[in-house]
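Asker: Here you go, this is data.pdb (PDB, C-alpha atoms).
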ATOM      1  CA  MET N   1     -13.802  11.715  13.428
ATOM      2  CA  THR N   2     -10.552  13.212  14.671
ATOM      3  CA  ASN N   3     -11.646  16.540  16.099
ATOM      4  CA  THR N   4     -12.844  14.960  19.282
ATOM      5  CA  GLU N   5      -9.279  14.487  20.380
ATOM      6  CA  PRO N   6      -7.682  17.829  21.175
ATOM      7  CA  THR N   7      -4.542  16.494  22.863
ATOM      8  CA  ALA N   8      -1.355  17.829  21.304
ATOM      9  CA  ILE N   9       1.698  15.595  21.108
ATOM     10  CA  ALA N  10       3.817  18.288  22.670
ATOM     11  CA  SER N  11       1.769  18.262  25.843
ATOM     12  CA  GLY N  12       2.050  14.567  26.482
ATOM     13  CA  PRO N  13       1.017  11.232  25.019
ATOM     14  CA  PRO N  14      -2.118  11.631  22.899
ATOM     15  CA  ALA N  15      -5.318   9.869  23.766
ATOM     16  CA  SER N  16      -4.826   7.354  20.976
ATOM     17  CA  ILE N  17      -1.711   6.022  22.644
ATOM     18  CA  SER N  18      -3.738   4.782  25.571
ATOM     19  CA  SER N  19      -5.979   2.712  23.321
ATOM     20  CA  GLY N  20      -3.914  -0.387  24.051
ATOM     21  CA  ARG N  21      -5.050  -2.435  26.990
ATOM     22  CA  GLN N  22      -1.632  -3.878  27.583
ATOM     23  CA  SER N  23       1.838  -2.463  27.303
ATOM     24  CA  GLY N  24       3.125  -2.287  23.728
ATOM     25  CA  VAL N  25      -0.297  -2.696  22.103
ATOM     26  CA  HIS N  26      -1.401   0.329  20.147
ATOM     27  CA  LEU N  27      -4.047   0.856  17.487
ATOM     28  CA  PRO N  28      -2.505   3.111  14.806
ATOM     29  CA  GLY N  29      -4.894   5.956  13.946
ATOM     30  CA  ASP N  30      -8.423   5.159  15.050
ATOM     31  CA  GLY N  31     -11.123   2.562  14.599
ATOM     32  CA  HIS N  32     -13.053   4.628  12.033
ATOM     33  CA  MET N  33     -10.141   4.729   9.608
ATOM     34  CA  TRP N  34      -9.499   1.009  10.051
ATOM     35  CA  PHE N  35     -13.170   0.247   9.445
ATOM     36  CA  MET N  36     -12.961   2.130   6.151
ATOM     37  CA  VAL N  37      -9.609   0.564   5.196
ATOM     38  CA  LEU N  38     -10.772  -2.999   5.940
ATOM     39  CA  GLY N  39     -13.977  -2.332   3.980
ATOM     40  CA  ASP N  40     -11.976  -1.061   1.019
ATOM     41  CA  LEU N  41      -9.695  -4.104   1.202
ATOM     42  CA  VAL N  42     -12.719  -6.410   1.038
ATOM     43  CA  ILE N  43     -14.197  -4.526  -1.949
ATOM     44  CA  PHE N  44     -10.893  -4.602  -3.841
ATOM     45  CA  GLY N  45     -10.506  -8.247  -2.825
ATOM     46  CA  ALA N  46     -13.788  -8.957  -4.615
ATOM     47  CA  TYR N  47     -12.518  -7.163  -7.756
ATOM     48  CA  PHE N  48      -9.348  -9.271  -7.672
ATOM     49  CA  ILE N  49     -11.302 -12.512  -7.346
ATOM     50  CA  VAL N  50     -13.616 -11.571 -10.252
ATOM     51  CA  TYR N  51     -10.543 -10.769 -12.359
ATOM     52  CA  ILE N  52      -8.795 -14.067 -11.607
ATOM     53  CA  VAL N  53     -12.020 -16.027 -12.253
ATOM     54  CA  GLN N  54     -12.400 -14.357 -15.667
ATOM     55  CA  ARG N  55      -8.707 -14.868 -16.379
ATOM     56  CA  SER N  56      -8.899 -18.573 -15.580
ATOM     57  CA  MET N  57     -11.608 -18.939 -18.237
ATOM     58  CA  ALA N  58      -9.336 -17.636 -21.007
ATOM     59  CA  PRO N  59      -5.754 -17.823 -19.714
ATOM     60  CA  ALA N  60      -4.088 -17.782 -23.142
ATOM     61  CA  ALA N  61      -5.909 -14.632 -24.288
ATOM     62  CA  TYR N  62      -5.140 -12.853 -20.999
ATOM     63  CA  LEU N  63      -1.476 -13.857 -21.097
ATOM     64  CA  GLN N  64      -1.183 -12.647 -24.675
ATOM     65  CA  ALA N  65      -2.705  -9.278 -23.702
ATOM     66  CA  GLN N  66      -0.550  -9.061 -20.552
ATOM     67  CA  GLN N  67       2.539  -9.158 -22.768
ATOM     68  CA  HIS N  68       1.597  -5.722 -24.073
ATOM     69  CA  LEU N  69       1.997  -4.164 -20.626
ATOM     70  CA  ASN N  70       5.313  -2.452 -20.047
ATOM     71  CA  ILE N  71       6.820  -4.297 -17.068
ATOM     72  CA  THR N  72       9.514  -1.632 -16.622
ATOM     73  CA  ILE N  73       6.835   1.019 -16.068
ATOM     74  CA  GLY N  74       5.027  -1.340 -13.679
ATOM     75  CA  VAL N  75       8.199  -1.969 -11.650
ATOM     76  CA  LEU N  76       9.077   1.747 -11.649
ATOM     77  CA  ASN N  77       5.623   2.692 -10.381
ATOM     78  CA  THR N  78       5.813   0.024  -7.661
ATOM     79  CA  LEU N  79       9.194   1.344  -6.488
ATOM     80  CA  VAL N  80       7.795   4.902  -6.436
ATOM     81  CA  LEU N  81       4.791   3.890  -4.314
ATOM     82  CA  VAL N  82       6.808   1.681  -1.948
ATOM     83  CA  THR N  83       9.235   4.567  -1.448
ATOM     84  CA  SER N  84       6.346   6.941  -0.714
ATOM     85  CA  SER N  85       5.125   4.506   1.960
ATOM     86  CA  TRP N  86       8.619   4.432   3.409
ATOM     87  CA  PHE N  87       8.580   8.243   3.736
ATOM     88  CA  VAL N  88       5.113   8.247   5.283
ATOM     89  CA  ALA N  89       5.963   5.470   7.783
ATOM     90  CA  GLN N  90       9.029   7.467   8.855
ATOM     91  CA  SER N  91       6.841  10.533   9.193
ATOM     92  CA  VAL N  92       4.692   8.730  11.787
ATOM     93  CA  GLN N  93       7.811   7.899  13.783
ATOM     94  CA  ALA N  94       9.121  11.464  13.467
ATOM     95  CA  THR N  95       5.780  12.760  14.789
ATOM     96  CA  ALA N  96       5.886  10.318  17.702
ATOM     97  CA  ALA N  97       9.370  11.600  18.510
ATOM     98  CA  GLY N  98       8.159  15.212  18.423
ATOM     99  CA  GLN N  99      10.138  16.022  15.238
ATOM    100  CA  HIS N 100       7.281  17.757  13.467
ATOM    101  CA  GLU N 101       9.352  19.635  10.886
ATOM    102  CA  ARG N 102      10.966  16.393   9.791
ATOM    103  CA  ALA N 103       7.574  14.697   9.749
ATOM    104  CA  ILE N 104       6.243  17.402   7.406
ATOM    105  CA  ARG N 105       9.240  17.056   5.069
ATOM    106  CA  LEU N 106       8.732  13.288   4.937
ATOM    107  CA  LEU N 107       5.038  13.765   4.150
ATOM    108  CA  TYR N 108       6.013  16.084   1.302
ATOM    109  CA  GLY N 109       8.314  13.323   0.050
ATOM    110  CA  GLY N 110       5.481  10.787   0.255
ATOM    111  CA  GLY N 111       3.035  13.111  -1.492
ATOM    112  CA  ALA N 112       5.560  13.932  -4.238
ATOM    113  CA  CYS N 113       6.024  10.212  -4.892
ATOM    114  CA  GLY N 114       2.229   9.873  -5.037
ATOM    115  CA  LEU N 115       2.019  12.598  -7.686
ATOM    116  CA  LEU N 116       4.869  10.949  -9.599
ATOM    117  CA  PHE N 117       2.934   7.664  -9.490
ATOM    118  CA  ILE N 118      -0.132   9.385 -10.974
ATOM    119  CA  ALA N 119       2.004  11.015 -13.700
ATOM    120  CA  ILE N 120       3.642   7.706 -14.651
ATOM    121  CA  LYS N 121       0.229   6.007 -14.667
ATOM    122  CA  ALA N 122      -1.169   8.742 -16.940
ATOM    123  CA  CYS N 123       1.758   8.252 -19.353
ATOM    124  CA  GLU N 124       1.216   4.493 -19.327
ATOM    125  CA  TRP N 125      -2.499   4.873 -20.027
ATOM    126  CA  SER N 126      -1.946   7.304 -22.898
ATOM    127  CA  MET N 127       0.689   4.980 -24.397
ATOM    128  CA  LYS N 128      -1.651   2.003 -24.225
ATOM    129  CA  ILE N 129      -4.570   3.957 -25.680
ATOM    130  CA  THR N 130      -2.491   5.266 -28.591
ATOM    131  CA  GLN N 131      -1.227   1.719 -29.192
ATOM    132  CA  GLY N 132      -4.861   0.685 -29.574
ATOM    133  CA  TYR N 133      -5.323  -1.282 -26.350
ATOM    134  CA  THR N 134      -8.770  -0.263 -25.225
ATOM    135  CA  THR N 135     -11.562  -1.711 -23.120
ATOM    136  CA  SER N 136     -12.661  -3.804 -26.098
ATOM    137  CA  ASN N 137     -10.046  -6.297 -24.923
ATOM    138  CA  GLU N 138     -11.230  -8.080 -21.775
ATOM    139  CA  PHE N 139      -7.841  -8.005 -20.060
ATOM    140  CA  PHE N 140      -7.444  -4.307 -20.795
ATOM    141  CA  MET N 141     -10.950  -3.653 -19.478
ATOM    142  CA  PHE N 142      -9.777  -5.050 -16.124
ATOM    143  CA  TYR N 143      -6.491  -3.172 -16.466
ATOM    144  CA  TYR N 144      -8.226   0.205 -16.905
ATOM    145  CA  MET N 145     -10.846  -0.534 -14.253
ATOM    146  CA  LEU N 146      -8.444  -1.753 -11.534
ATOM    147  CA  THR N 147      -5.715   0.809 -12.169
ATOM    148  CA  GLY N 148      -8.317   3.578 -12.641
ATOM    149  CA  VAL N 149     -10.098   2.943  -9.331
ATOM    150  CA  HIS N 150      -6.713   2.574  -7.673
ATOM    151  CA  VAL N 151      -5.315   5.833  -9.051
ATOM    152  CA  LEU N 152      -8.385   7.660  -7.679
ATOM    153  CA  HIS N 153      -7.404   6.264  -4.269
ATOM    154  CA  VAL N 154      -3.856   7.573  -4.818
ATOM    155  CA  ALA N 155      -5.246  11.040  -5.615
ATOM    156  CA  LEU N 156      -7.420  10.967  -2.489
ATOM    157  CA  GLY N 157      -4.388   9.783  -0.513
ATOM    158  CA  VAL N 158      -2.324  12.758  -1.709
ATOM    159  CA  LEU N 159      -5.159  15.044  -0.585
ATOM    160  CA  ILE N 160      -5.245  13.323   2.830
ATOM    161  CA  LEU N 161      -1.452  13.716   3.198
ATOM    162  CA  GLY N 162      -1.950  17.437   2.424
ATOM    163  CA  ILE N 163      -4.541  17.685   5.204
ATOM    164  CA  VAL N 164      -2.141  15.940   7.616
ATOM    165  CA  VAL N 165       0.595  18.450   6.702
ATOM    166  CA  ARG N 166      -1.833  21.318   7.397
ATOM    167  CA  GLU N 167      -2.610  19.825  10.814
ATOM    168  CA  LEU N 168       1.074  19.344  11.659
ATOM    169  CA  ARG N 169       1.867  22.937  10.754
ATOM    170  CA  ASN N 170      -0.419  24.171  13.516
ATOM    171  CA  PRO N 171       1.400  23.588  16.838
ATOM    172  CA  ARG N 172      -1.941  23.145  18.596
ATOM    173  CA  ARG N 173      -3.137  20.428  16.237
ATOM    174  CA  GLN N 174      -0.060  18.205  16.072
ATOM    175  CA  ARG N 175      -1.715  14.913  16.921
ATOM    176  CA  LEU N 176      -0.054  11.566  16.292
ATOM    177  CA  SER N 177      -3.432   9.922  15.669
ATOM    178  CA  VAL N 178      -4.091  12.207  12.667
ATOM    179  CA  VAL N 179      -0.717  11.349  11.110
ATOM    180  CA  GLU N 180      -1.362   7.663  11.765
ATOM    181  CA  GLN N 181      -4.778   7.841  10.113
ATOM    182  CA  GLY N 182      -3.336   9.450   6.985
ATOM    183  CA  ALA N 183      -0.499   6.919   6.974
ATOM    184  CA  THR N 184      -2.887   3.972   7.368
ATOM    185  CA  TYR N 185      -4.866   5.111   4.332
ATOM    186  CA  TRP N 186      -1.687   5.713   2.351
ATOM    187  CA  HIS N 187      -0.258   2.273   3.123
ATOM    188  CA  MET N 188      -3.567   0.705   2.061
ATOM    189  CA  VAL N 189      -3.103   2.367  -1.342
ATOM    190  CA  ASP N 190       0.384   0.857  -1.498
ATOM    191  CA  LEU N 191      -0.876  -2.566  -0.373
ATOM    192  CA  LEU N 192      -3.580  -2.626  -3.070
ATOM    193  CA  TRP N 193      -1.094  -1.633  -5.740
ATOM    194  CA  LEU N 194       1.224  -4.510  -4.797
ATOM    195  CA  VAL N 195      -1.656  -6.932  -5.458
ATOM    196  CA  ILE N 196      -2.612  -5.205  -8.732
ATOM    197  CA  PHE N 197       1.016  -5.295  -9.866
ATOM    198  CA  GLY N 198       1.294  -9.029  -9.191
ATOM    199  CA  LEU N 199      -2.033  -9.952 -10.786
ATOM    200  CA  LEU N 200      -1.867  -7.754 -13.892
ATOM    201  CA  TYR N 201       1.832  -7.584 -14.705
ATOM    202  CA  VAL N 202       3.483 -10.740 -13.388
ATOM    203  CA  VAL N 203       1.012 -13.653 -13.099
ATOM    204  CA  ARG N 204       1.295 -16.234 -15.878
TER     205      ARG N 204
ATOM    206  CA  MET P   1       9.519  23.112  19.429
ATOM    207  CA  SER P   2       8.205  20.178  21.417
ATOM    208  CA  THR P   3      10.820  19.148  23.908
ATOM    209  CA  THR P   4       8.589  17.005  26.072
ATOM    210  CA  ALA P   5       7.668  14.526  23.374
ATOM    211  CA  ALA P   6       8.262  10.945  24.312
ATOM    212  CA  PRO P   7      10.596   9.212  21.869
ATOM    213  CA  THR P   8      11.118   6.417  24.340
ATOM    214  CA  ARG P   9       7.490   5.279  24.346
ATOM    215  CA  ARG P  10       7.607   1.536  24.156
ATOM    216  CA  ASP P  11       4.483   1.191  22.061
ATOM    217  CA  THR P  12       5.847   3.189  19.135
ATOM    218  CA  LYS P  13       9.358   1.823  19.580
ATOM    219  CA  LYS P  14       8.579  -1.720  18.565
ATOM    220  CA  VAL P  15       8.591  -1.018  14.844
ATOM    221  CA  GLY P  16      11.685   1.153  14.722
ATOM    222  CA  PRO P  17      13.170   3.227  11.882
ATOM    223  CA  ARG P  18      15.551   0.426  11.001
ATOM    224  CA  ALA P  19      12.710  -2.098  10.613
ATOM    225  CA  ILE P  20      10.895   0.333   8.315
ATOM    226  CA  THR P  21      13.976   0.811   6.157
ATOM    227  CA  TYR P  22      14.602  -2.941   5.975
ATOM    228  CA  THR P  23      10.974  -3.408   4.953
ATOM    229  CA  TRP P  24      11.385  -0.833   2.185
ATOM    230  CA  ALA P  25      14.616  -2.513   0.975
ATOM    231  CA  VAL P  26      13.024  -5.983   0.870
ATOM    232  CA  LEU P  27       9.937  -4.663  -0.952
ATOM    233  CA  CYS P  28      12.165  -2.968  -3.540
ATOM    234  CA  ALA P  29      14.291  -6.111  -3.980
ATOM    235  CA  ILE P  30      11.228  -8.340  -4.520
ATOM    236  CA  THR P  31       9.747  -5.809  -6.950
ATOM    237  CA  ILE P  32      12.935  -5.609  -9.013
ATOM    238  CA  GLY P  33      13.134  -9.420  -8.942
ATOM    239  CA  SER P  34       9.585  -9.576 -10.334
ATOM    240  CA  TRP P  35      10.812  -7.823 -13.472
ATOM    241  CA  TRP P  36      12.392 -11.066 -14.710
ATOM    242  CA  LEU P  37       9.267 -13.101 -14.045
ATOM    243  CA  ALA P  38       6.781 -10.950 -15.954
ATOM    244  CA  PRO P  39       5.444 -11.978 -19.365
ATOM    245  CA  GLY P  40       5.878  -8.416 -20.678
ATOM    246  CA  HIS P  41       9.633  -8.791 -20.342
ATOM    247  CA  THR P  42      10.062 -11.421 -23.038
ATOM    248  CA  THR P  43       9.686 -10.635 -26.706
ATOM    249  CA  ASN P  44       8.810 -14.242 -27.456
ATOM    250  CA  THR P  45       5.331 -15.543 -26.803
ATOM    251  CA  ALA P  46       4.950 -15.963 -23.057
ATOM    252  CA  THR P  47       3.973 -19.380 -21.798
ATOM    253  CA  PRO P  48       1.813 -20.082 -18.757
ATOM    254  CA  SER P  49       3.835 -21.061 -15.709
ATOM    255  CA  ILE P  50       2.514 -22.538 -12.493
ATOM    256  CA  ALA P  51       5.954 -22.002 -10.936
ATOM    257  CA  ILE P  52       5.932 -18.268 -11.701
ATOM    258  CA  THR P  53       2.333 -17.885 -10.566
ATOM    259  CA  THR P  54       3.195 -19.697  -7.325
ATOM    260  CA  ALA P  55       6.088 -17.268  -6.856
ATOM    261  CA  VAL P  56       3.741 -14.310  -7.510
ATOM    262  CA  VAL P  57       1.290 -15.597  -4.891
ATOM    263  CA  LEU P  58       3.988 -16.219  -2.264
ATOM    264  CA  LEU P  59       5.820 -12.964  -2.919
ATOM    265  CA  GLY P  60       2.527 -11.056  -3.023
ATOM    266  CA  PHE P  61       1.622 -12.495   0.363
ATOM    267  CA  ILE P  62       5.048 -11.654   1.805
ATOM    268  CA  LYS P  63       4.993  -8.090   0.410
ATOM    269  CA  GLY P  64       1.486  -7.491   1.692
ATOM    270  CA  ARG P  65       2.325  -8.801   5.131
ATOM    271  CA  LEU P  66       5.455  -6.631   5.335
ATOM    272  CA  VAL P  67       3.410  -3.514   4.461
ATOM    273  CA  ILE P  68       0.720  -4.424   7.021
ATOM    274  CA  GLN P  69       3.060  -5.432   9.841
ATOM    275  CA  TYR P  70       5.739  -2.768   9.544
ATOM    276  CA  PHE P  71       4.447   0.206   7.509
ATOM    277  CA  MET P  72       0.942   0.041   8.967
ATOM    278  CA  ALA P  73       2.418  -0.941  12.369
ATOM    279  CA  VAL P  74      -0.107  -3.752  12.810
ATOM    280  CA  LYS P  75       2.731  -5.698  14.453
ATOM    281  CA  THR P  76       1.983  -3.799  17.668
ATOM    282  CA  ALA P  77      -1.773  -3.404  17.075
ATOM    283  CA  PRO P  78      -4.592  -5.093  18.979
ATOM    284  CA  ARG P  79      -5.257  -8.746  18.227
ATOM    285  CA  TRP P  80      -8.498  -8.164  16.287
ATOM    286  CA  LEU P  81      -6.633  -6.052  13.751
ATOM    287  CA  LYS P  82      -3.809  -8.570  13.329
ATOM    288  CA  LEU P  83      -6.358 -11.340  12.770
ATOM    289  CA  SER P  84      -8.491  -9.301  10.329
ATOM    290  CA  THR P  85      -5.575  -8.236   8.165
ATOM    291  CA  ASP P  86      -4.059 -11.727   8.143
ATOM    292  CA  ALA P  87      -7.457 -13.200   7.268
ATOM    293  CA  TRP P  88      -7.745 -10.801   4.316
ATOM    294  CA  LEU P  89      -4.246 -11.622   3.058
ATOM    295  CA  ILE P  90      -4.628 -15.393   3.397
ATOM    296  CA  THR P  91      -8.135 -15.491   1.898
ATOM    297  CA  LEU P  92      -7.149 -13.313  -1.056
ATOM    298  CA  TRP P  93      -3.969 -15.126  -2.062
ATOM    299  CA  ALA P  94      -5.329 -18.608  -1.333
ATOM    300  CA  ALA P  95      -8.411 -17.849  -3.464
ATOM    301  CA  VAL P  96      -6.263 -16.463  -6.288
ATOM    302  CA  PHE P  97      -4.077 -19.567  -6.247
ATOM    303  CA  VAL P  98      -6.918 -22.090  -6.067
ATOM    304  CA  ILE P  99      -8.898 -20.353  -8.847
ATOM    305  CA  TYR P 100      -5.776 -20.133 -11.018
ATOM    306  CA  LEU P 101      -5.070 -23.854 -10.621
ATOM    307  CA  TYR P 102      -8.701 -24.820 -11.122
TER     308      TYR P 102
END
Just dump the structure as C-alpha cells.

Answerer:
Amino acid sequence: MTNTEPTAIASGPPASISSGRQSGVHLPGDGHMWFMVLGDLVIFGAYFIVYIVQRSMAPAAYLQAQQHLNITIGVLNTLVLVTSSWFVAQSVQATAAGQHERAIRLLYGGGACGLLFIAIKACEWSMKITQGYTTSNEFFMFYYMLTGVHVLHVALGVLILGIVVRELRNPRRQRLSVVEQGATYWHMVDLLWLVIFGLLYVVR
Amino acid sequence: MSTTAAPTRRDTKKVGPRAITYTWAVLCAITIGSWWLAPGHTTNTATPSIAITTAVVLLGFIKGRLVIQYFMAVKTAPRWLKLSTDAWLITLWAAVFVIYLY
C-alpha cells in the first residue's frame, strides 16, 4: 500500500503532496486508508443506529442502566483520547516541517495516551463486571460490544503508530504519507469514541 | 537532519498548529461540559430529556466535524472526501435524533 512510494521527505515534497489537482488541496495519507476508514465509519454507524433503535423501544430501562456508568471515567477517557489525537495531529505537521525527532516524540505521546485509554477501559470493565453489570442487561450488552470493538481498534491504532515510528526512525523511509495514514486511522478511533461517549454516557 | 524540508508548503499550512490546539481545547471543553449533562452524574433517578439529547446530538456533530476537519485535515482535502465525511456525520446524527424522537 505504501511501499510503492519511495520518496523521502528530506529529498523534496513526497508524491502524496501532488495528489491535489489545485493549489491547497491535499489528500492526507492515501486513498486505500480512506477507503478503509470510511468503510469502518459506515459499519460503526450501523451499530450506532441499531443501538438507538433498541434504546428507543425501552428508554426507561436503558436510562436506568446508563446511570450505573461512571461518567467521570467516561470523561477522563475522552480527554485522554482527544489529547492523543492532538499529539498525533501535531506529529503530522512536525513531519511535514522536517522535524522528524519531534514527530517521533509526539507519536510516543499519542501512543502512550492510547495505552492509558486501554488501561482505564480495562479498569472500568472490571469494575462493572464485579458490580454485576453483565451482558444479561441489554444496555450493558451494547456497552460491552461497542466499547469492546472500539478498544480493539485502539489497540490496532497503537500498533500502527508503532509502525509509523519505526518508519520515521529510518532516514530513508521518512514519508509524510505514512505518518498521515497512521494519523488518519488514529483520528478515526477518536471520532468513533466521541460518538460512543455521547450515545452511551450522555444521551437521555 | 533534513534541512531541505518545506515548512512553507501551502497545502499543509492551511490547518496550522494553532488551529489544531484550538480544536483540542474546544473538544476538551465540550467533553468536560458533558459531565454535567450525563445521567450517571446524578444520584437521583435520571429523567429523560429531549433538551439534553438535542445537546448531545449537536455537540456530537460539532465534535465530530472538528476532528474530521482539523485533526484529519479534511478541511484541505479533495471535495469527494469532504462530502463523504459530512454525509456520514449528518446521516448518523440526524438518524439518531429522529429515531430518539420517534

Asker: Please enumerate the residues selected by the ChimeraX specification (/P :<7) & /N when evaluated against the supplied file, formatted as a PyMOL selection string.

Answerer: chain N and resi 9-12+20+23-28+45+49+52-53+56+66-71+75+79+82-83+86+89-90+96-98+184+187+191+194-195+198+201-204

Asker: So that I can see what lies close to region 118-121 of chain N, please list as a PyMOL selection string the residues with an atom at most 10 Å from it, counting all atoms listed in the file and leaving out residues fewer than 3 positions away in the same chain.

Answerer: chain N and resi 73-74+76-77+80-81+112-115+124-127+147-148+151-152+154-155

Asker: State, in Å with one decimal place, the distance from CA of Cys123 (chain N) to CA of Phe139 (chain N).

Answerer: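 Computing the Euclidean distance for CA of Cys123 (chain N) and CA of Phe139 (chain N) yields 18.9 Å.
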
Asker: Taking into account only C-alpha atoms, which residue in the set N:Val50, N:Val189, N:Leu168, N:Val178 is nearest to Val149 (chain N)?

Answerer: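 Result for the nearest residue to Val149 (chain N): N:Val189.
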
Asker: Considering all atoms listed in the file, return as a list in words whatever protein or nucleic-acid residues lie within 8 Å of Ser91 (chain N), sequence-local ones (same chain, fewer than 4 positions apart) excluded.

Answerer: Phe87, Thr95, Arg102, Ala103, Ile104, Leu106, Leu107 and Val179 of chain N

Asker: Quick one, how far is CA of Asp40 (chain N) from CA of Met141 (chain N)?

Answerer: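 So the two atoms, CA of Asp40 (chain N) and CA of Met141 (chain N), lie 20.7 Å apart.
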
Asker: Just checking: using only C-alpha atoms, which residue out of P:Ala87, P:Val26, P:Ala19, P:Leu58 ends up closest to Gln93 (chain N)?

Answerer: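 Checking each of P:Ala87, P:Val26, P:Ala19, P:Leu58 against Gln93 (chain N), counting only C-alpha atoms, the winner is P:Ala19.
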
Asker: How many Å separate CA of Ser84 (chain N) from CA of Ala94 (chain P)?

Answerer: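 Going from CA of Ser84 (chain N) over to CA of Ala94 (chain P), I get 28.1 Å.
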
Asker: Give me the result of the PyMOL selection byres ((chain N and resi 161) around 9) on this file, residue by residue, as a PyMOL selection string.

Answerer: chain N and resi 88+107-108+110-111+156-160+162-166+179+182-183+186

Asker: Since I can't run it myself right now, could you work out what the PyMOL selection byres ((chain N and resi 140) around 10) selects here and report it as an NGL selection string?

Answerer: :N and (62 or 65-66 or 68-69 or 128 or 133-139 or 141-146 or 200)

Asker: Since the input lacks atoms, please generate N, CA and C atoms for region 160-174 of chain N and provide them as a PDB file, in the frame of the given file.

Answerer:
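That gives us result.pdb:
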ATOM      1  N   ILE N 160      -5.264  13.609   1.383  1.00  0.00           N
ATOM      2  CA  ILE N 160      -5.245  13.323   2.830  1.00  0.00           C
ATOM      3  C   ILE N 160      -3.880  13.686   3.428  1.00  0.00           C
ATOM      4  N   LEU N 161      -2.791  13.359   2.700  1.00  0.00           N
ATOM      5  CA  LEU N 161      -1.452  13.716   3.198  1.00  0.00           C
ATOM      6  C   LEU N 161      -1.338  15.232   3.327  1.00  0.00           C
ATOM      7  N   GLY N 162      -1.947  15.965   2.369  1.00  0.00           N
ATOM      8  CA  GLY N 162      -1.950  17.437   2.424  1.00  0.00           C
ATOM      9  C   GLY N 162      -2.673  17.933   3.672  1.00  0.00           C
ATOM     10  N   ILE N 163      -3.786  17.293   4.005  1.00  0.00           N
ATOM     11  CA  ILE N 163      -4.541  17.685   5.204  1.00  0.00           C
ATOM     12  C   ILE N 163      -3.706  17.412   6.457  1.00  0.00           C
ATOM     13  N   VAL N 164      -2.991  16.274   6.459  1.00  0.00           N
ATOM     14  CA  VAL N 164      -2.141  15.940   7.616  1.00  0.00           C
ATOM     15  C   VAL N 164      -1.036  16.987   7.774  1.00  0.00           C
ATOM     16  N   VAL N 165      -0.440  17.413   6.646  1.00  0.00           N
ATOM     17  CA  VAL N 165       0.595  18.450   6.702  1.00  0.00           C
ATOM     18  C   VAL N 165       0.017  19.726   7.305  1.00  0.00           C
ATOM     19  N   ARG N 166      -1.194  20.101   6.874  1.00  0.00           N
ATOM     20  CA  ARG N 166      -1.833  21.318   7.397  1.00  0.00           C
ATOM     21  C   ARG N 166      -2.027  21.214   8.912  1.00  0.00           C
ATOM     22  N   GLU N 167      -2.420  20.027   9.372  1.00  0.00           N
ATOM     23  CA  GLU N 167      -2.610  19.825  10.814  1.00  0.00           C
ATOM     24  C   GLU N 167      -1.274  19.947  11.565  1.00  0.00           C
ATOM     25  N   LEU N 168      -0.231  19.339  10.981  1.00  0.00           N
ATOM     26  CA  LEU N 168       1.074  19.344  11.659  1.00  0.00           C
ATOM     27  C   LEU N 168       1.682  20.743  11.728  1.00  0.00           C
ATOM     28  N   ARG N 169       1.300  21.587  10.777  1.00  0.00           N
ATOM     29  CA  ARG N 169       1.867  22.937  10.754  1.00  0.00           C
ATOM     30  C   ARG N 169       1.330  23.794  11.893  1.00  0.00           C
ATOM     31  N   ASN N 170       0.172  23.426  12.409  1.00  0.00           N
ATOM     32  CA  ASN N 170      -0.419  24.171  13.516  1.00  0.00           C
ATOM     33  C   ASN N 170       0.026  23.510  14.826  1.00  0.00           C
ATOM     34  N   PRO N 171       0.854  24.209  15.620  1.00  0.00           N
ATOM     35  CA  PRO N 171       1.400  23.588  16.838  1.00  0.00           C
ATOM     36  C   PRO N 171       0.327  23.065  17.784  1.00  0.00           C
ATOM     37  N   ARG N 172      -0.889  23.607  17.676  1.00  0.00           N
ATOM     38  CA  ARG N 172      -1.941  23.145  18.596  1.00  0.00           C
ATOM     39  C   ARG N 172      -2.709  21.939  18.068  1.00  0.00           C
ATOM     40  N   ARG N 173      -2.399  21.546  16.828  1.00  0.00           N
ATOM     41  CA  ARG N 173      -3.137  20.428  16.237  1.00  0.00           C
ATOM     42  C   ARG N 173      -2.214  19.269  15.838  1.00  0.00           C
ATOM     43  N   GLN N 174      -1.035  19.235  16.447  1.00  0.00           N
ATOM     44  CA  GLN N 174      -0.060  18.205  16.072  1.00  0.00           C
ATOM     45  C   GLN N 174      -0.360  16.899  16.790  1.00  0.00           C
TER      46      GLN N 174
END
